[in-house]
Amino acid sequence: MSRAHAHHDVTADNVAFTVEALSALPGDAELAKLAARAASLLNDWENIESEGQRLERAVIRASAHVRVADVTLDAALSAFAHDLVEAVKGDTSNPLYGRFFAEPHEDVIAMGLDSEVPEVTLIVHALDRGGDDVPTALAAHLETLRAGLKLGNGALAARSDALADLGRHMARVEAWHESAEGSLHSLHGKLERIADARDLPESWADAFFNA
(Lines give C-alpha, C1' and ligand atoms only; values in the text may rest on other atoms or scores of the structure.)
Protein backbone atom coordinates (compact mmCIF):
# COMPACT_ATOMS: atom_id res chain seq x y z
CA MET A 1 0.00 0.00 0.00
CA SER A 2 1.40 3.37 -0.89
CA ARG A 3 2.00 5.94 1.85
CA ALA A 4 -0.73 8.09 0.30
CA HIS A 5 -3.20 5.21 0.63
CA ALA A 6 -2.12 4.49 4.21
CA HIS A 7 -3.13 7.99 5.21
CA HIS A 8 -6.38 7.98 3.25
CA ASP A 9 -9.56 8.57 5.25
CA VAL A 10 -10.82 4.99 5.26
CA THR A 11 -14.55 4.47 4.86
CA ALA A 12 -16.77 1.47 5.52
CA ASP A 13 -16.92 0.92 1.75
CA ASN A 14 -13.13 0.60 1.65
CA VAL A 15 -13.26 -2.04 4.37
CA ALA A 16 -16.18 -3.86 2.70
CA PHE A 17 -14.22 -4.01 -0.56
CA THR A 18 -11.26 -5.61 1.23
CA VAL A 19 -13.53 -8.11 3.02
CA GLU A 20 -15.06 -9.20 -0.29
CA ALA A 21 -11.74 -9.28 -2.10
CA LEU A 22 -10.16 -11.46 0.58
CA SER A 23 -13.16 -13.78 0.38
CA ALA A 24 -12.81 -14.22 -3.39
CA LEU A 25 -10.40 -17.15 -2.90
CA PRO A 26 -12.19 -19.28 -0.27
CA GLY A 27 -9.66 -22.11 -0.43
CA ASP A 28 -6.80 -19.87 0.70
CA ALA A 29 -6.37 -20.29 4.48
CA GLU A 30 -4.06 -17.30 4.85
CA LEU A 31 -6.49 -14.98 3.09
CA ALA A 32 -9.43 -16.42 5.03
CA LYS A 33 -7.73 -15.46 8.29
CA LEU A 34 -7.18 -11.90 7.05
CA ALA A 35 -10.76 -11.76 5.75
CA ALA A 36 -12.05 -12.61 9.23
CA ARG A 37 -10.08 -9.70 10.70
CA ALA A 38 -11.43 -7.27 8.11
CA ALA A 39 -14.97 -8.63 8.57
CA SER A 40 -14.76 -7.98 12.31
CA LEU A 41 -13.78 -4.38 11.60
CA LEU A 42 -16.70 -4.00 9.21
CA ASN A 43 -19.09 -5.52 11.74
CA ASP A 44 -17.94 -2.97 14.29
CA TRP A 45 -18.78 -0.20 11.84
CA GLU A 46 -22.22 -1.61 11.09
CA ASN A 47 -22.98 -1.63 14.83
CA ILE A 48 -21.68 1.91 15.16
CA GLU A 49 -23.74 3.06 12.17
CA SER A 50 -26.89 1.44 13.56
CA GLU A 51 -26.33 3.10 16.92
CA GLY A 52 -25.73 6.42 15.18
CA GLN A 53 -29.06 6.21 13.40
CA ARG A 54 -30.78 5.49 16.72
CA LEU A 55 -29.07 8.44 18.40
CA GLU A 56 -29.85 10.81 15.52
CA ARG A 57 -33.50 9.79 15.76
CA ALA A 58 -33.37 10.46 19.50
CA VAL A 59 -32.12 14.00 18.82
CA ILE A 60 -34.94 14.57 16.33
CA ARG A 61 -37.45 13.23 18.86
CA ALA A 62 -36.06 15.44 21.62
CA SER A 63 -36.07 18.53 19.38
CA ALA A 64 -39.69 17.85 18.40
CA HIS A 65 -40.64 17.52 22.07
CA VAL A 66 -38.92 20.82 22.84
CA ARG A 67 -40.91 22.52 20.08
CA VAL A 68 -44.21 21.16 21.41
CA ALA A 69 -43.27 22.02 25.00
CA ASP A 70 -42.41 25.55 23.87
CA VAL A 71 -45.76 26.21 22.20
CA THR A 72 -47.59 24.55 25.10
CA LEU A 73 -45.87 26.79 27.63
CA ASP A 74 -46.42 29.83 25.39
CA ALA A 75 -50.16 29.12 25.34
CA ALA A 76 -50.34 28.75 29.12
CA LEU A 77 -48.30 31.91 29.65
CA SER A 78 -50.38 33.89 27.14
CA ALA A 79 -53.59 32.93 28.92
CA PHE A 80 -52.13 33.93 32.27
CA ALA A 81 -50.80 37.23 30.90
CA HIS A 82 -54.19 38.01 29.36
CA ASP A 83 -55.92 37.65 32.72
CA LEU A 84 -53.16 39.58 34.48
CA VAL A 85 -53.47 42.53 32.11
CA GLU A 86 -57.21 42.52 32.69
CA ALA A 87 -56.66 42.43 36.45
CA VAL A 88 -54.46 45.54 36.35
CA LYS A 89 -56.76 47.17 33.78
CA GLY A 90 -53.96 47.39 31.23
CA ASP A 91 -51.58 49.22 33.59
CA THR A 92 -48.33 47.32 33.27
CA SER A 93 -46.73 49.66 35.81
CA ASN A 94 -49.02 48.18 38.45
CA PRO A 95 -47.00 46.35 41.17
CA LEU A 96 -49.12 43.23 40.64
CA TYR A 97 -47.98 43.06 37.02
CA GLY A 98 -44.37 43.66 38.05
CA ARG A 99 -44.57 40.81 40.53
CA PHE A 100 -44.94 38.36 37.65
CA PHE A 101 -43.23 40.11 34.75
CA ALA A 102 -40.06 42.16 35.12
CA GLU A 103 -40.29 42.91 31.40
CA PRO A 104 -43.22 42.98 28.95
CA HIS A 105 -44.99 39.64 28.87
CA GLU A 106 -44.88 39.66 25.05
CA ASP A 107 -41.08 39.56 25.23
CA VAL A 108 -41.11 36.64 27.64
CA ILE A 109 -43.55 34.66 25.50
CA ALA A 110 -41.35 35.31 22.44
CA MET A 111 -38.33 33.72 24.15
CA GLY A 112 -37.07 30.29 23.27
CA LEU A 113 -37.92 27.53 25.73
CA ASP A 114 -34.46 27.61 27.34
CA SER A 115 -34.91 31.26 28.32
CA GLU A 116 -38.64 31.06 29.01
CA VAL A 117 -38.44 28.26 31.58
CA PRO A 118 -36.58 30.33 34.22
CA GLU A 119 -39.10 33.16 33.79
CA VAL A 120 -42.07 30.85 34.20
CA THR A 121 -40.40 29.22 37.19
CA LEU A 122 -40.43 32.60 38.92
CA ILE A 123 -44.08 33.16 37.98
CA VAL A 124 -45.05 29.76 39.35
CA HIS A 125 -43.23 30.47 42.60
CA ALA A 126 -44.95 33.85 42.89
CA LEU A 127 -48.36 32.27 42.28
CA ASP A 128 -47.55 29.50 44.74
CA ARG A 129 -46.84 32.05 47.46
CA GLY A 130 -50.12 33.73 46.61
CA GLY A 131 -51.28 36.76 48.55
CA ASP A 132 -54.54 38.52 49.27
CA ASP A 133 -54.06 40.79 46.27
CA VAL A 134 -53.72 37.92 43.78
CA PRO A 135 -57.09 37.50 42.02
CA THR A 136 -58.62 34.03 41.89
CA ALA A 137 -58.54 34.23 38.09
CA LEU A 138 -54.73 34.40 38.20
CA ALA A 139 -54.33 31.71 40.85
CA ALA A 140 -56.38 29.40 38.64
CA HIS A 141 -53.48 29.34 36.12
CA LEU A 142 -51.03 27.83 38.60
CA GLU A 143 -51.47 24.16 37.73
CA THR A 144 -51.50 24.76 33.97
CA LEU A 145 -48.29 26.77 34.21
CA ARG A 146 -46.75 24.17 36.50
CA ALA A 147 -47.62 21.40 34.05
CA GLY A 148 -46.18 23.38 31.15
CA LEU A 149 -43.03 24.02 33.15
CA LYS A 150 -42.64 20.32 33.93
CA LEU A 151 -43.09 19.47 30.26
CA GLY A 152 -40.53 22.10 29.26
CA ASN A 153 -37.91 21.03 31.80
CA GLY A 154 -38.31 17.40 30.77
CA ALA A 155 -37.98 18.20 27.08
CA LEU A 156 -34.89 20.34 27.59
CA ALA A 157 -33.23 17.68 29.75
CA ALA A 158 -33.99 14.98 27.18
CA ARG A 159 -32.56 17.11 24.36
CA SER A 160 -29.41 17.80 26.35
CA ASP A 161 -28.92 14.08 27.02
CA ALA A 162 -29.60 13.18 23.37
CA LEU A 163 -27.06 15.70 22.10
CA ALA A 164 -24.47 14.53 24.64
CA ASP A 165 -24.99 10.91 23.59
CA LEU A 166 -24.60 11.86 19.93
CA GLY A 167 -21.43 13.79 20.72
CA ARG A 168 -19.91 10.74 22.44
CA HIS A 169 -20.96 8.63 19.47
CA MET A 170 -19.12 10.93 17.07
CA ALA A 171 -15.95 10.34 19.08
CA ARG A 172 -16.53 6.60 18.63
CA VAL A 173 -16.93 7.11 14.88
CA GLU A 174 -13.64 8.98 14.73
CA ALA A 175 -11.91 6.24 16.71
CA TRP A 176 -13.21 3.61 14.28
CA HIS A 177 -11.84 5.52 11.28
CA GLU A 178 -8.43 5.73 12.93
CA SER A 179 -8.52 2.03 13.78
CA ALA A 180 -9.65 1.11 10.26
CA GLU A 181 -6.83 3.17 8.78
CA GLY A 182 -4.26 1.29 10.82
CA SER A 183 -5.88 -2.11 10.29
CA LEU A 184 -5.98 -1.84 6.51
CA HIS A 185 -2.39 -0.65 6.46
CA SER A 186 -1.41 -3.67 8.57
CA LEU A 187 -3.40 -6.00 6.30
CA HIS A 188 -1.61 -4.62 3.27
CA GLY A 189 1.74 -5.29 4.89
CA LYS A 190 0.76 -8.90 5.55
CA LEU A 191 -0.44 -9.31 1.96
CA GLU A 192 2.84 -7.92 0.67
CA ARG A 193 4.68 -10.55 2.69
CA ILE A 194 2.38 -13.26 1.37
CA ALA A 195 2.97 -12.03 -2.19
CA ASP A 196 6.71 -12.07 -1.62
CA ALA A 197 6.59 -15.60 -0.20
CA ARG A 198 4.52 -16.79 -3.17
CA ASP A 199 6.65 -14.95 -5.71
CA LEU A 200 3.69 -12.80 -6.76
CA PRO A 201 3.93 -9.20 -8.05
CA GLU A 202 3.37 -6.30 -5.63
CA SER A 203 0.23 -5.39 -7.58
CA TRP A 204 -1.35 -8.62 -6.25
CA ALA A 205 -1.43 -7.17 -2.73
CA ASP A 206 -2.81 -3.86 -4.00
CA ALA A 207 -5.75 -5.66 -5.65
CA PHE A 208 -7.38 -6.29 -2.27
CA PHE A 209 -7.85 -2.58 -1.59
CA ASN A 210 -10.20 -0.03 -3.08
CA ALA A 211 -7.90 2.99 -2.97
# chains A, B, ... in the order shown; residues from 1 in each chain; ligands from 1
call {"tool": "residues_around", "arguments": {"residues": "Glu56 of chain A", "least_positions_apart": "5", "cutoff": "10 Å", "atoms": "only C-alpha atoms", "output": "ChimeraX atom specification"}}
result
/A:51,61-62,162-163,165-166,169
call {"tool": "residues_around", "arguments": {"residues": "segment 78-81 of chain A", "least_positions_apart": "5", "cutoff": "10 Å", "atoms": "only C-alpha atoms", "output": "list in words"}}
result
Thr72, Leu73, Glu86, Ala87, Tyr97, Phe100, Phe101, Pro104, His105, Glu106, Val108, Ile109, Ile123, Ala137, Leu138, Ala139, Ala140, His141, Leu142, Thr144 and Leu145 of chain A
call {"tool": "write_last_selection", "arguments": {"atoms": "N, CA and C atoms", "output": "PDB file, in the first residue's frame"}}
result
ATOM      1  N   THR A  72     -46.670  24.847  23.994  1.00  0.00           N
ATOM      2  CA  THR A  72     -47.593  24.553  25.096  1.00  0.00           C
ATOM      3  C   THR A  72     -47.412  25.557  26.226  1.00  0.00           C
ATOM      4  N   LEU A  73     -46.152  25.831  26.563  1.00  0.00           N
ATOM      5  CA  LEU A  73     -45.873  26.790  27.629  1.00  0.00           C
ATOM      6  C   LEU A  73     -46.252  28.200  27.195  1.00  0.00           C
ATOM      7  N   GLU A  86     -55.840  42.141  32.344  1.00  0.00           N
ATOM      8  CA  GLU A  86     -57.215  42.523  32.694  1.00  0.00           C
ATOM      9  C   GLU A  86     -57.315  42.908  34.167  1.00  0.00           C
ATOM     10  N   ALA A  87     -56.605  42.166  35.003  1.00  0.00           N
ATOM     11  CA  ALA A  87     -56.663  42.425  36.445  1.00  0.00           C
ATOM     12  C   ALA A  87     -56.090  43.790  36.800  1.00  0.00           C
ATOM     13  N   TYR A  97     -48.549  43.492  38.304  1.00  0.00           N
ATOM     14  CA  TYR A  97     -47.978  43.057  37.017  1.00  0.00           C
ATOM     15  C   TYR A  97     -46.482  42.825  37.184  1.00  0.00           C
ATOM     16  N   PHE A 100     -45.031  39.534  38.522  1.00  0.00           N
ATOM     17  CA  PHE A 100     -44.945  38.362  37.648  1.00  0.00           C
ATOM     18  C   PHE A 100     -44.076  38.575  36.408  1.00  0.00           C
ATOM     19  N   PHE A 101     -44.020  39.820  35.948  1.00  0.00           N
ATOM     20  CA  PHE A 101     -43.230  40.113  34.748  1.00  0.00           C
ATOM     21  C   PHE A 101     -42.326  41.307  34.993  1.00  0.00           C
ATOM     22  N   PRO A 104     -41.930  43.229  29.607  1.00  0.00           N
ATOM     23  CA  PRO A 104     -43.219  42.978  28.948  1.00  0.00           C
ATOM     24  C   PRO A 104     -43.470  41.494  28.716  1.00  0.00           C
ATOM     25  N   HIS A 105     -44.683  41.061  29.003  1.00  0.00           N
ATOM     26  CA  HIS A 105     -44.990  39.639  28.867  1.00  0.00           C
ATOM     27  C   HIS A 105     -44.837  39.150  27.428  1.00  0.00           C
ATOM     28  N   GLU A 106     -45.054  40.047  26.451  1.00  0.00           N
ATOM     29  CA  GLU A 106     -44.884  39.656  25.050  1.00  0.00           C
ATOM     30  C   GLU A 106     -43.440  39.204  24.785  1.00  0.00           C
ATOM     31  N   VAL A 108     -41.357  37.925  26.978  1.00  0.00           N
ATOM     32  CA  VAL A 108     -41.115  36.636  27.639  1.00  0.00           C
ATOM     33  C   VAL A 108     -41.693  35.495  26.799  1.00  0.00           C
ATOM     34  N   ILE A 109     -42.901  35.696  26.306  1.00  0.00           N
ATOM     35  CA  ILE A 109     -43.550  34.662  25.495  1.00  0.00           C
ATOM     36  C   ILE A 109     -42.770  34.406  24.206  1.00  0.00           C
ATOM     37  N   ILE A 123     -42.633  32.888  37.953  1.00  0.00           N
ATOM     38  CA  ILE A 123     -44.076  33.158  37.977  1.00  0.00           C
ATOM     39  C   ILE A 123     -44.796  32.096  38.809  1.00  0.00           C
ATOM     40  N   ALA A 137     -58.710  34.517  39.523  1.00  0.00           N
ATOM     41  CA  ALA A 137     -58.540  34.228  38.094  1.00  0.00           C
ATOM     42  C   ALA A 137     -57.080  33.965  37.740  1.00  0.00           C
ATOM     43  N   LEU A 138     -56.159  34.621  38.447  1.00  0.00           N
ATOM     44  CA  LEU A 138     -54.732  34.401  38.205  1.00  0.00           C
ATOM     45  C   LEU A 138     -54.260  33.116  38.875  1.00  0.00           C
ATOM     46  N   ALA A 139     -54.721  32.915  40.125  1.00  0.00           N
ATOM     47  CA  ALA A 139     -54.334  31.712  40.854  1.00  0.00           C
ATOM     48  C   ALA A 139     -54.772  30.451  40.118  1.00  0.00           C
ATOM     49  N   ALA A 140     -55.855  30.559  39.366  1.00  0.00           N
ATOM     50  CA  ALA A 140     -56.384  29.400  38.640  1.00  0.00           C
ATOM     51  C   ALA A 140     -55.424  28.908  37.554  1.00  0.00           C
ATOM     52  N   HIS A 141     -54.445  29.726  37.166  1.00  0.00           N
ATOM     53  CA  HIS A 141     -53.483  29.337  36.122  1.00  0.00           C
ATOM     54  C   HIS A 141     -52.307  28.536  36.670  1.00  0.00           C
ATOM     55  N   LEU A 142     -52.214  28.438  37.989  1.00  0.00           N
ATOM     56  CA  LEU A 142     -51.028  27.830  38.600  1.00  0.00           C
ATOM     57  C   LEU A 142     -50.739  26.420  38.077  1.00  0.00           C
ATOM     58  N   THR A 144     -51.802  24.829  35.412  1.00  0.00           N
ATOM     59  CA  THR A 144     -51.505  24.764  33.973  1.00  0.00           C
ATOM     60  C   THR A 144     -50.075  25.217  33.697  1.00  0.00           C
ATOM     61  N   LEU A 145     -49.664  26.285  34.376  1.00  0.00           N
ATOM     62  CA  LEU A 145     -48.288  26.768  34.212  1.00  0.00           C
ATOM     63  C   LEU A 145     -47.291  25.760  34.784  1.00  0.00           C
TER      64      LEU A 145
END
call {"tool": "closest_atom_pairs", "arguments": {"of": "segment 95-192 of chain A", "to": "segment 9-13 of chain A", "cutoff": "12 Å", "atoms": "only C-alpha atoms", "output": "tab-separated table"}}
result
residue	atom	partner	partner_atom	distance
A:Val173	CA	A:Thr11	CA	10.6
A:Glu174	CA	A:Asp9	CA	10.3
A:Ala175	CA	A:Val10	CA	11.6
A:Trp176	CA	A:Val10	CA	9.4
A:His177	CA	A:Val10	CA	6.1
A:Glu178	CA	A:Val10	CA	8.1
A:Ser179	CA	A:Val10	CA	9.3
A:Ala180	CA	A:Val10	CA	6.4
A:Glu181	CA	A:Val10	CA	5.6
A:Gly182	CA	A:Val10	CA	9.4
A:Ser183	CA	A:Val10	CA	10.0
A:Leu184	CA	A:Val10	CA	8.5
A:His185	CA	A:Val10	CA	10.2
call {"tool": "atom_distance", "arguments": {"atom1": "atom CA of Arg99 of chain A", "atom2": "atom CA of Ala126 of chain A"}}
result
7.4 Å
call {"tool": "closest_residue", "arguments": {"among": "A:Arg193, A:Arg129, A:Val66, A:Gly112", "to": "Ala158 of chain A", "atoms": "only C-alpha atoms"}}
result
A:Val66
call {"tool": "residues_around", "arguments": {"residues": "segment 16-32 of chain A", "least_positions_apart": "3", "cutoff": "9 Å", "atoms": "only C-alpha atoms", "output": "ChimeraX atom specification"}}
result
/A:11-13,35-39,42,184,191,194,207-210
call {"tool": "write_last_selection", "arguments": {"atoms": "N, CA and C atoms", "output": "PDB file, in the first residue's frame"}}
result
ATOM      1  N   THR A  11     -13.108   4.529   4.654  1.00  0.00           N
ATOM      2  CA  THR A  11     -14.554   4.465   4.856  1.00  0.00           C
ATOM      3  C   THR A  11     -14.987   3.014   5.014  1.00  0.00           C
ATOM      4  N   ALA A  12     -16.232   2.818   5.397  1.00  0.00           N
ATOM      5  CA  ALA A  12     -16.769   1.469   5.520  1.00  0.00           C
ATOM      6  C   ALA A  12     -16.752   0.764   4.164  1.00  0.00           C
ATOM      7  N   ASP A  13     -16.950   1.525   3.084  1.00  0.00           N
ATOM      8  CA  ASP A  13     -16.920   0.921   1.748  1.00  0.00           C
ATOM      9  C   ASP A  13     -15.535   0.377   1.424  1.00  0.00           C
ATOM     10  N   ALA A  35      -9.380 -12.150   6.045  1.00  0.00           N
ATOM     11  CA  ALA A  35     -10.760 -11.761   5.751  1.00  0.00           C
ATOM     12  C   ALA A  35     -11.577 -11.669   7.045  1.00  0.00           C
ATOM     13  N   ALA A  36     -11.330 -12.609   7.961  1.00  0.00           N
ATOM     14  CA  ALA A  36     -12.053 -12.607   9.234  1.00  0.00           C
ATOM     15  C   ALA A  36     -11.728 -11.340  10.038  1.00  0.00           C
ATOM     16  N   ARG A  37     -10.475 -10.927  10.002  1.00  0.00           N
ATOM     17  CA  ARG A  37     -10.083  -9.697  10.702  1.00  0.00           C
ATOM     18  C   ARG A  37     -10.785  -8.481  10.107  1.00  0.00           C
ATOM     19  N   ALA A  38     -10.785  -8.408   8.786  1.00  0.00           N
ATOM     20  CA  ALA A  38     -11.432  -7.274   8.114  1.00  0.00           C
ATOM     21  C   ALA A  38     -12.946  -7.301   8.340  1.00  0.00           C
ATOM     22  N   ALA A  39     -13.531  -8.508   8.352  1.00  0.00           N
ATOM     23  CA  ALA A  39     -14.973  -8.630   8.569  1.00  0.00           C
ATOM     24  C   ALA A  39     -15.362  -8.165   9.961  1.00  0.00           C
ATOM     25  N   LEU A  42     -15.500  -4.460   9.894  1.00  0.00           N
ATOM     26  CA  LEU A  42     -16.700  -3.999   9.210  1.00  0.00           C
ATOM     27  C   LEU A  42     -17.934  -4.176  10.099  1.00  0.00           C
ATOM     28  N   LEU A 184      -6.177  -1.581   7.934  1.00  0.00           N
ATOM     29  CA  LEU A 184      -5.985  -1.837   6.506  1.00  0.00           C
ATOM     30  C   LEU A 184      -4.511  -1.717   6.111  1.00  0.00           C
ATOM     31  N   LEU A 191      -0.242  -8.839   3.333  1.00  0.00           N
ATOM     32  CA  LEU A 191      -0.440  -9.310   1.960  1.00  0.00           C
ATOM     33  C   LEU A 191       0.825  -9.149   1.121  1.00  0.00           C
ATOM     34  N   ILE A 194       2.913 -12.060   2.005  1.00  0.00           N
ATOM     35  CA  ILE A 194       2.378 -13.263   1.368  1.00  0.00           C
ATOM     36  C   ILE A 194       2.756 -13.281  -0.115  1.00  0.00           C
ATOM     37  N   ALA A 207      -4.432  -5.322  -5.094  1.00  0.00           N
ATOM     38  CA  ALA A 207      -5.746  -5.661  -5.654  1.00  0.00           C
ATOM     39  C   ALA A 207      -6.820  -5.851  -4.587  1.00  0.00           C
ATOM     40  N   PHE A 208      -6.407  -6.052  -3.348  1.00  0.00           N
ATOM     41  CA  PHE A 208      -7.384  -6.288  -2.267  1.00  0.00           C
ATOM     42  C   PHE A 208      -7.889  -4.986  -1.629  1.00  0.00           C
ATOM     43  N   PHE A 209      -7.486  -3.864  -2.187  1.00  0.00           N
ATOM     44  CA  PHE A 209      -7.853  -2.579  -1.587  1.00  0.00           C
ATOM     45  C   PHE A 209      -8.472  -1.647  -2.631  1.00  0.00           C
ATOM     46  N   ASN A 210      -9.516  -1.007  -2.225  1.00  0.00           N
ATOM     47  CA  ASN A 210     -10.202  -0.035  -3.078  1.00  0.00           C
ATOM     48  C   ASN A 210      -9.686   1.342  -2.705  1.00  0.00           C
TER      49      ASN A 210
END
call {"tool": "closest_residue", "arguments": {"among": "A:Asn14, A:Ala75, A:Glu119, A:Gly52", "to": "Arg168 of chain A", "atoms": "only C-alpha atoms"}}
result
A:Gly52
